[in-house]
Structure formats: structure tokens, C-alpha cells
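The structure file structure25.cif is reproduced below (mmCIF, C-alpha atoms (C1' of nucleotides)).
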data_data
#
loop_
_atom_site.label_atom_id
_atom_site.label_comp_id
_atom_site.auth_asym_id
_atom_site.auth_seq_id
_atom_site.Cartn_x
_atom_site.Cartn_y
_atom_site.Cartn_z
CA MET A 479 0.00 0.00 0.00
CA ARG A 480 1.47 3.30 -1.15
CA ILE A 481 0.45 6.12 1.22
CA ALA A 482 1.31 9.70 0.27
CA THR A 483 1.01 12.95 2.20
CA TRP A 484 1.11 16.34 0.51
CA ASN A 485 0.33 19.89 1.57
CA VAL A 486 -1.03 21.11 -1.77
CA ASN A 487 -1.61 24.81 -0.89
CA SER A 488 -5.08 25.03 -2.49
CA ILE A 489 -6.58 22.00 -4.25
CA ASN A 490 -8.40 24.09 -6.84
CA ALA A 491 -5.60 26.51 -7.73
CA ARG A 492 -3.30 23.53 -8.30
CA LEU A 493 -5.63 20.81 -9.57
CA GLU A 494 -3.81 20.27 -12.88
CA THR A 495 -0.45 19.84 -11.13
CA ILE A 496 -1.95 17.57 -8.48
CA LEU A 497 -3.68 15.31 -11.00
CA ARG A 498 -0.45 15.09 -13.00
CA TRP A 499 1.33 13.84 -9.89
CA PHE A 500 -1.44 11.35 -9.07
CA GLU A 501 -1.20 9.83 -12.55
CA GLU A 502 2.58 9.61 -12.22
CA ALA A 503 2.86 8.35 -8.61
CA ARG A 504 -0.38 6.35 -8.40
CA PRO A 505 -0.71 6.35 -4.62
CA ASP A 506 -3.20 3.92 -3.09
CA VAL A 507 -3.91 6.46 -0.37
CA ALA A 508 -3.32 10.20 -0.30
CA CYS A 509 -3.47 12.55 2.67
CA LEU A 510 -3.88 16.14 1.48
CA GLN A 511 -3.58 19.33 3.52
CA GLU A 512 -4.38 23.00 2.95
CA ILE A 513 -7.08 22.28 0.39
CA LYS A 514 -8.46 25.76 1.22
CA CYS A 515 -12.06 25.03 0.29
CA VAL A 516 -15.34 23.83 1.78
CA ASP A 517 -16.42 20.25 1.10
CA GLU A 518 -18.76 21.27 -1.74
CA LYS A 519 -15.92 22.98 -3.64
CA PHE A 520 -13.57 19.97 -3.49
CA PRO A 521 -13.02 18.55 -7.02
CA THR A 522 -14.30 15.12 -5.99
CA GLU A 523 -15.27 14.00 -9.51
CA ALA A 524 -11.76 14.59 -10.87
CA PHE A 525 -10.37 12.12 -8.34
CA GLU A 526 -13.25 9.66 -8.73
CA ARG A 527 -12.37 9.52 -12.42
CA LEU A 528 -8.91 8.31 -11.36
CA GLY A 529 -10.51 5.61 -9.23
CA TYR A 530 -10.39 7.21 -5.79
CA ASN A 531 -12.84 7.28 -2.93
CA VAL A 532 -12.89 10.73 -1.34
CA ALA A 533 -13.42 12.00 2.21
CA VAL A 534 -13.07 15.72 2.88
CA HIS A 535 -12.94 17.89 5.97
CA GLY A 536 -12.95 21.31 4.37
CA GLN A 537 -13.00 24.94 5.46
CA LYS A 538 -13.39 28.21 3.59
CA THR A 539 -10.11 30.01 2.72
CA TYR A 540 -7.87 28.31 5.29
CA ASN A 541 -6.71 24.83 6.25
CA GLY A 542 -8.82 21.88 5.08
CA VAL A 543 -7.73 18.24 4.82
CA ALA A 544 -8.76 15.27 2.70
CA LEU A 545 -8.25 11.53 2.35
CA LEU A 546 -8.30 9.74 -1.00
CA ALA A 547 -8.06 5.97 -1.39
CA LYS A 548 -8.45 3.36 -4.11
CA THR A 549 -10.45 1.18 -1.71
CA PRO A 550 -13.44 2.30 0.38
CA LEU A 551 -12.81 4.58 3.38
CA GLU A 552 -14.51 3.33 6.52
CA ASP A 553 -15.08 4.84 9.97
CA VAL A 554 -14.32 8.36 8.72
CA ARG A 555 -13.67 10.81 11.58
CA ARG A 556 -13.40 14.55 11.10
CA GLY A 557 -11.54 16.67 13.64
CA LEU A 558 -9.14 15.73 16.41
CA PRO A 559 -11.01 14.78 19.60
CA LEU A 560 -11.27 17.43 22.31
CA GLY A 561 -10.13 16.51 25.80
CA PRO A 562 -11.81 17.70 28.98
CA GLY A 563 -11.14 21.43 29.33
CA ASP A 564 -10.05 21.85 25.69
CA ASP A 565 -11.39 24.90 23.86
CA ALA A 566 -13.58 24.28 20.81
CA ASP A 567 -11.58 24.13 17.57
CA ASP A 568 -13.09 25.45 14.33
CA HIS A 569 -10.00 24.75 12.18
CA ALA A 570 -10.28 21.82 9.75
CA ARG A 571 -6.92 20.17 10.37
CA TYR A 572 -7.59 16.47 10.91
CA ILE A 573 -9.40 13.65 9.13
CA GLU A 574 -8.99 9.95 9.80
CA ALA A 575 -10.40 6.78 8.23
CA VAL A 576 -9.75 3.10 7.86
CA VAL A 577 -8.53 2.21 4.38
CA SER A 578 -10.16 -1.12 3.64
CA GLY A 579 -8.38 -4.07 2.07
CA PRO A 580 -6.89 -7.46 2.97
CA GLN A 581 -4.89 -5.64 5.67
CA PRO A 582 -6.90 -2.57 6.71
CA VAL A 583 -4.84 0.45 7.76
CA ARG A 584 -6.14 3.45 9.68
CA VAL A 585 -4.76 6.63 8.09
CA ALA A 586 -4.96 10.24 9.29
CA SER A 587 -4.31 13.41 7.28
CA ILE A 588 -2.85 16.01 9.64
CA TYR A 589 -2.33 19.75 9.24
CA LEU A 590 -0.67 20.75 12.48
CA PRO A 591 -0.84 24.49 13.27
CA ASN A 592 2.09 26.64 12.22
CA GLY A 593 2.19 28.50 15.55
CA ASN A 594 4.10 31.63 14.53
CA PRO A 595 4.98 33.92 16.03
CA ALA A 596 6.26 31.93 18.99
CA GLY A 597 5.07 33.16 22.38
CA THR A 598 1.60 34.18 21.18
CA GLU A 599 -1.90 32.71 21.24
CA LYS A 600 -1.08 31.04 17.93
CA TYR A 601 1.83 29.22 19.52
CA ALA A 602 -0.28 28.19 22.52
CA TYR A 603 -2.82 26.78 20.03
CA LYS A 604 -0.06 24.79 18.32
CA LEU A 605 1.10 23.23 21.58
CA ALA A 606 -2.47 22.53 22.69
CA TRP A 607 -3.15 20.86 19.34
CA MET A 608 -0.02 18.73 19.75
CA ALA A 609 -1.23 17.67 23.20
CA ARG A 610 -4.57 16.62 21.69
CA LEU A 611 -2.73 14.66 18.99
CA ASP A 612 -0.63 12.96 21.68
CA ALA A 613 -3.76 11.94 23.59
CA HIS A 614 -5.41 10.62 20.44
CA ALA A 615 -2.30 8.65 19.46
CA ARG A 616 -2.32 7.03 22.91
CA GLU A 617 -5.93 6.00 22.36
CA LEU A 618 -5.17 4.53 18.92
CA LEU A 619 -2.08 2.70 20.19
CA GLY A 620 -4.27 0.87 22.69
CA TRP A 621 -6.07 -0.83 19.82
CA GLU A 622 -2.81 -2.47 18.63
CA GLU A 623 -3.63 -1.99 14.95
CA PRO A 624 -1.68 -0.62 11.98
CA PHE A 625 -2.14 3.15 11.67
CA VAL A 626 -0.34 6.01 9.97
CA LEU A 627 -0.46 9.66 11.09
CA ALA A 628 0.73 11.53 8.02
CA GLY A 629 0.81 15.18 7.22
CA ASP A 630 2.26 18.65 7.53
CA TYR A 631 3.42 18.64 11.14
CA ASN A 632 5.04 22.10 10.94
CA VAL A 633 7.87 20.66 13.04
CA ILE A 634 11.59 20.71 12.19
CA PRO A 635 12.62 17.78 14.41
CA GLU A 636 16.41 18.29 14.41
CA PRO A 637 19.01 20.80 13.13
CA ARG A 638 19.83 18.39 10.30
CA ASP A 639 16.27 18.86 9.05
CA ALA A 640 16.95 22.45 7.96
CA ALA A 641 19.48 23.69 5.40
CA PHE A 642 20.20 26.68 7.66
CA PRO A 643 19.07 25.73 11.18
CA ASN A 644 20.25 29.04 12.63
CA ASN A 645 17.59 30.81 10.54
CA TRP A 646 14.89 28.91 12.42
CA GLN A 647 16.13 29.45 15.98
CA ASP A 648 13.23 31.71 16.98
CA ASP A 649 10.63 30.05 14.76
CA ALA A 650 7.63 28.14 16.11
CA LEU A 651 8.59 25.17 13.91
CA PHE A 652 11.91 24.77 15.72
CA GLN A 653 11.15 25.93 19.27
CA PRO A 654 12.42 23.55 21.99
CA ALA A 655 8.83 23.00 23.20
CA THR A 656 7.74 22.13 19.64
CA ARG A 657 10.55 19.65 19.17
CA GLN A 658 9.97 18.19 22.63
CA ALA A 659 6.28 17.61 21.91
CA PHE A 660 7.13 15.88 18.63
CA ARG A 661 9.74 13.73 20.39
CA ALA A 662 7.23 12.82 23.07
CA LEU A 663 4.73 11.79 20.41
CA LYS A 664 7.30 9.50 18.78
CA ASN A 665 8.33 8.18 22.19
CA LEU A 666 4.83 6.79 22.71
CA GLY A 667 6.08 4.10 20.37
CA LEU A 668 5.56 5.57 16.92
CA THR A 669 8.09 5.12 14.12
CA GLU A 670 9.02 8.05 11.90
CA ALA A 671 8.84 6.47 8.45
CA PHE A 672 11.51 8.60 6.77
CA LEU A 673 14.14 8.00 9.46
CA GLN A 674 13.39 4.27 9.59
CA ALA A 675 13.42 3.58 5.84
CA ASP A 676 15.88 6.21 4.53
CA GLY A 677 17.21 8.83 6.92
CA ALA A 678 19.56 10.53 4.47
CA GLU A 679 20.76 13.99 5.52
CA GLY A 680 19.70 17.02 3.52
CA ALA A 681 16.25 15.66 2.74
CA PHE A 682 13.60 18.39 2.77
CA THR A 683 9.86 18.55 2.06
CA PHE A 684 9.31 22.35 1.97
CA TRP A 685 11.01 25.22 0.19
CA ASP A 686 9.60 28.74 0.60
CA TYR A 687 8.34 30.53 -2.49
CA GLN A 688 10.43 33.55 -1.53
CA ALA A 689 14.05 34.60 -1.71
CA GLY A 690 14.97 31.84 -4.15
CA ALA A 691 14.67 29.21 -1.42
CA TRP A 692 14.17 26.41 -3.94
CA GLN A 693 17.04 27.53 -6.18
CA ARG A 694 19.33 27.74 -3.14
CA ASN A 695 18.01 24.44 -1.71
CA ASN A 696 17.07 26.36 1.42
CA GLY A 697 14.59 23.74 2.60
CA ILE A 698 13.19 22.18 5.74
CA ARG A 699 11.78 18.72 6.53
CA ILE A 700 8.39 19.30 8.17
CA ASP A 701 6.10 16.73 6.54
CA HIS A 702 6.20 13.45 8.40
CA ALA A 703 4.55 10.04 8.62
CA LEU A 704 4.38 8.40 12.06
CA LEU A 705 3.61 4.68 12.14
CA SER A 706 2.13 2.51 14.86
CA PRO A 707 4.26 -0.56 15.72
CA GLN A 708 1.91 -2.74 13.67
CA ALA A 709 2.30 -0.41 10.66
CA ALA A 710 6.07 -0.09 11.16
CA ASP A 711 6.31 -3.87 10.82
CA LEU A 712 4.90 -3.47 7.31
CA LEU A 713 7.18 -0.58 6.22
CA THR A 714 9.16 -1.36 3.06
CA GLY A 715 10.22 2.08 1.80
CA VAL A 716 9.84 5.83 1.72
CA ALA A 717 10.40 8.53 -0.88
CA ILE A 718 10.30 12.32 -1.04
CA HIS A 719 9.10 13.46 -4.48
CA LYS A 720 11.42 16.45 -4.64
CA HIS A 721 11.18 16.81 -8.43
CA VAL A 722 7.60 18.03 -8.12
CA ARG A 723 8.86 21.30 -6.58
CA ALA A 724 10.40 22.22 -9.96
CA TRP A 725 7.10 21.85 -11.87
CA ASP A 726 5.02 24.81 -13.01
CA LYS A 727 2.74 26.25 -10.32
CA PRO A 728 4.19 24.05 -7.57
CA SER A 729 3.05 23.82 -3.99
CA ASP A 730 5.75 24.93 -1.57
CA HIS A 731 5.60 21.38 -0.13
CA VAL A 732 6.37 18.13 -2.00
CA PRO A 733 4.81 14.69 -1.48
CA LEU A 734 6.19 12.23 1.06
CA VAL A 735 5.40 8.63 0.03
CA VAL A 736 5.42 5.64 2.37
CA GLU A 737 5.25 2.03 1.17
CA LEU A 738 3.63 -0.61 3.37
CA ASP A 739 3.42 -4.34 2.70
CA ALA A 740 -0.34 -4.23 3.16
"C1'" DA B 704 13.34 39.93 6.39
"C1'" DT B 705 7.04 40.32 11.68
"C1'" DG B 706 6.62 38.27 3.93
"C1'" DC B 707 11.01 38.89 -0.95
"C1'" DC B 708 6.01 34.74 -3.17
"C1'" DG B 709 1.59 32.91 -3.64
"C1'" DG B 710 -3.47 31.80 -2.62
"C1'" DG B 711 -8.13 33.42 -1.03
"C1'" DT B 712 -11.42 36.91 -0.48
"C1'" DG B 713 -13.81 40.22 -2.87
"C1'" DG B 714 -13.53 43.24 -6.06
"C1'" DA B 715 -8.52 46.92 -3.09
"C1'" DA B 716 -6.03 45.84 0.26
"C1'" DC B 717 -5.34 42.60 3.58
"C1'" DC B 718 -5.06 37.98 5.91
"C1'" DC B 719 -2.41 33.94 6.12
"C1'" DG B 720 1.37 30.74 5.43
"C1'" DA B 721 6.64 28.87 7.49
#

Will you turn the file into C-alpha cells for me?
Amino acid sequence: MRIATWNVNSINARLETILRWFEEARPDVACLQEIKCVDEKFPTEAFERLGYNVAVHGQKTYNGVALLAKTPLEDVRRGLPLGPGDDADDHARYIEAVVSGPQPVRVASIYLPNGNPAGTEKYAYKLAWMARLDAHARELLGWEEPFVLAGDYNVIPEPRDAAFPNNWQDDALFQPATRQAFRALKNLGLTEAFLQADGAEGAFTFWDYQAGAWQRNNGIRIDHALLSPQAADLLTGVAIHKHVRAWDKPSDHVPLVVELDA
DNA sequence: ATGCCGGGTGGAACCCGA
């Protein structure tokens, strides 16, 4: 099972580019983020023509996530659960479903808050959201099933995950508390697919549109796939589709593709 | 570079992203 995650930065502005990549990469499952549209504006038919089942958790203008799969999506859940005392959350940043098949796999499409500038309400929201994700991962781990939490985490885990780590010292993506929360999530027993199956230095998933970041390879690795132990047992490979960043009208993120023997 | 580019909204100028 080929599972891809991609922050597309508007599904409708980039549909031609996205469909081109789908025909080339042929993922079995795709987790999309920043679709930037309500459910009714999602180009569902275009993906159904390629043989995908579609589940959307959309929002006007901002955020929005989707799951696409060649096999039916079951037990679709929209939104990350709220814990006791958590404030209501009107951002569409999480959708989860079970991808059916001989070996069903639960897959989540995650758009973790950016959190900049650090030290503000936005950063508090990021950390609170990470705490909710941690709690939900604990719940899922109790079921002892294969699952994949894939998406734009907006976390630079280590200095090696940025071309110029000093540039990110004060950034919400690289704050000690951000990195600690991501580490804690992994330490629940989740496997980071890229590190497990590849781990090469200088691998990035995002290059800013500005200041010639792509041309200078000034990138960061912020899109991640975390695997439950039962999913990690099935991991056979991972790839970052860097070439897509050089296409016309690219997203600033590129797809991360995980291969499972499922 | 607390925005250099790019998308969305709304129909200009501003919000947001990382």
C-alpha cells in the first residue's frame, strides 16, 4: 500500500499539477492538507475519475484536509477529539479513516498548526493541538492496529532537518517545546517512516516561495509520517518526491510517500 | 526579512502561510 502525504496549498488553484502527480505516482492512499475550500468545492469528480474514494474535511479560505483511497474509506472521523477542558476548535486540520483491504490500515491526514509567532496565542494553540494529537495517538495505540499519522506537522525535528538551522532558531517550527512535543509523540512508540526507511541527511519537504529558497536548496523537513508498531512492521520504503517542486505552479511542499506491505 | 512569493477573499487591500 502506497500512502502519500502532501500539503497542496489550495486543491483548486493547483488541480492540474496535483492530477499530473497522481497519474505519475499512483498512490493507493493520499493525505492532502491545505485544500483551502469547503467540502462542496472539493473537485471530488476529478479524483473519482482516477478511481479514488474521497473523504473531505474542508473549510473556507484556510486549512482543510482530505483523504483519498483506491479502496473504500470506513469509519471516517473529522476533527481531532477534544479533551476535557479543551477549547472548541473550528480549524479543519484532521481527518482519519480506515482504508479497507486485505490488511486494513487506519490513516490520518494532519495539518498541524504553524504557531508563529512563537510566544503568542497562535503558539499556545499549536502546543495545545499537539497535546490533543498525543492523547489521540495514545488512544489509537491501545487498539494495537496498523495506523499512519501523516501530514504537515510544521515541526523541524532536528538541526539536520533544515538547510540553515540558525535561521529557524526563533521560529515556532523549531522551538524547543515544539521539538519536545514531537519527540514525546514518537516516544509513545511511533516510528518516523523517513528515518526508519531512509534517513539521508539534507532531505527536505518544503522550500519557501520567496528569496529563491528552492534555487538555493534552502529547505526544511516538516512533513512526516508516524507509524504505529503494527504499521512499522509493514514498512518497506519511503520517498520524497522532490522533483515536483520544480514543476510549473508548484506547492511549496512536495509529497512524502510511504510504502507498506499491506 | 514580523513576507522577498503565492493563494483566497472580494472586487482593493489585507489575511495567512513557514

Within 7 Å of chain A: residues of chain B, using all atoms listed in the file, as a PyMOL selection string: chain B and resi 707-708+710-711+721

Distance in Å - CA of Val583 in chain A versus CA of Asp701 in chain A: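 Going from CA of Val583 in chain A over to CA of Asp701 in chain A covers 19.7 Å.
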
Proximity to DG720 in chain B - best of A:Asp567, A:Val732, A:Asn485, A:Ala547, only C-alpha atoms (C1' of nucleotides):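 So, comparing all the options, the nearest one is A:Asn485.
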
Selection result of the PyMOL selection byres ((chain A and resi 617-625) around 9) on this file, as an MDAnalysis selection string: chainID A and resid 576 581:586 612:616 626:627 666:668 704:712

Separation of CA of Val486 in chain A from CA of Phe520 in chain A, in Å and rounded to one decimal: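 Separation of CA of Val486 in chain A and CA of Phe520 in chain A: 12.7 Å.
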
Distance of CA of Arg504 in chain A from CA of Arg527 in chain A, expressed in Å to one decimal place: 13.0 Å
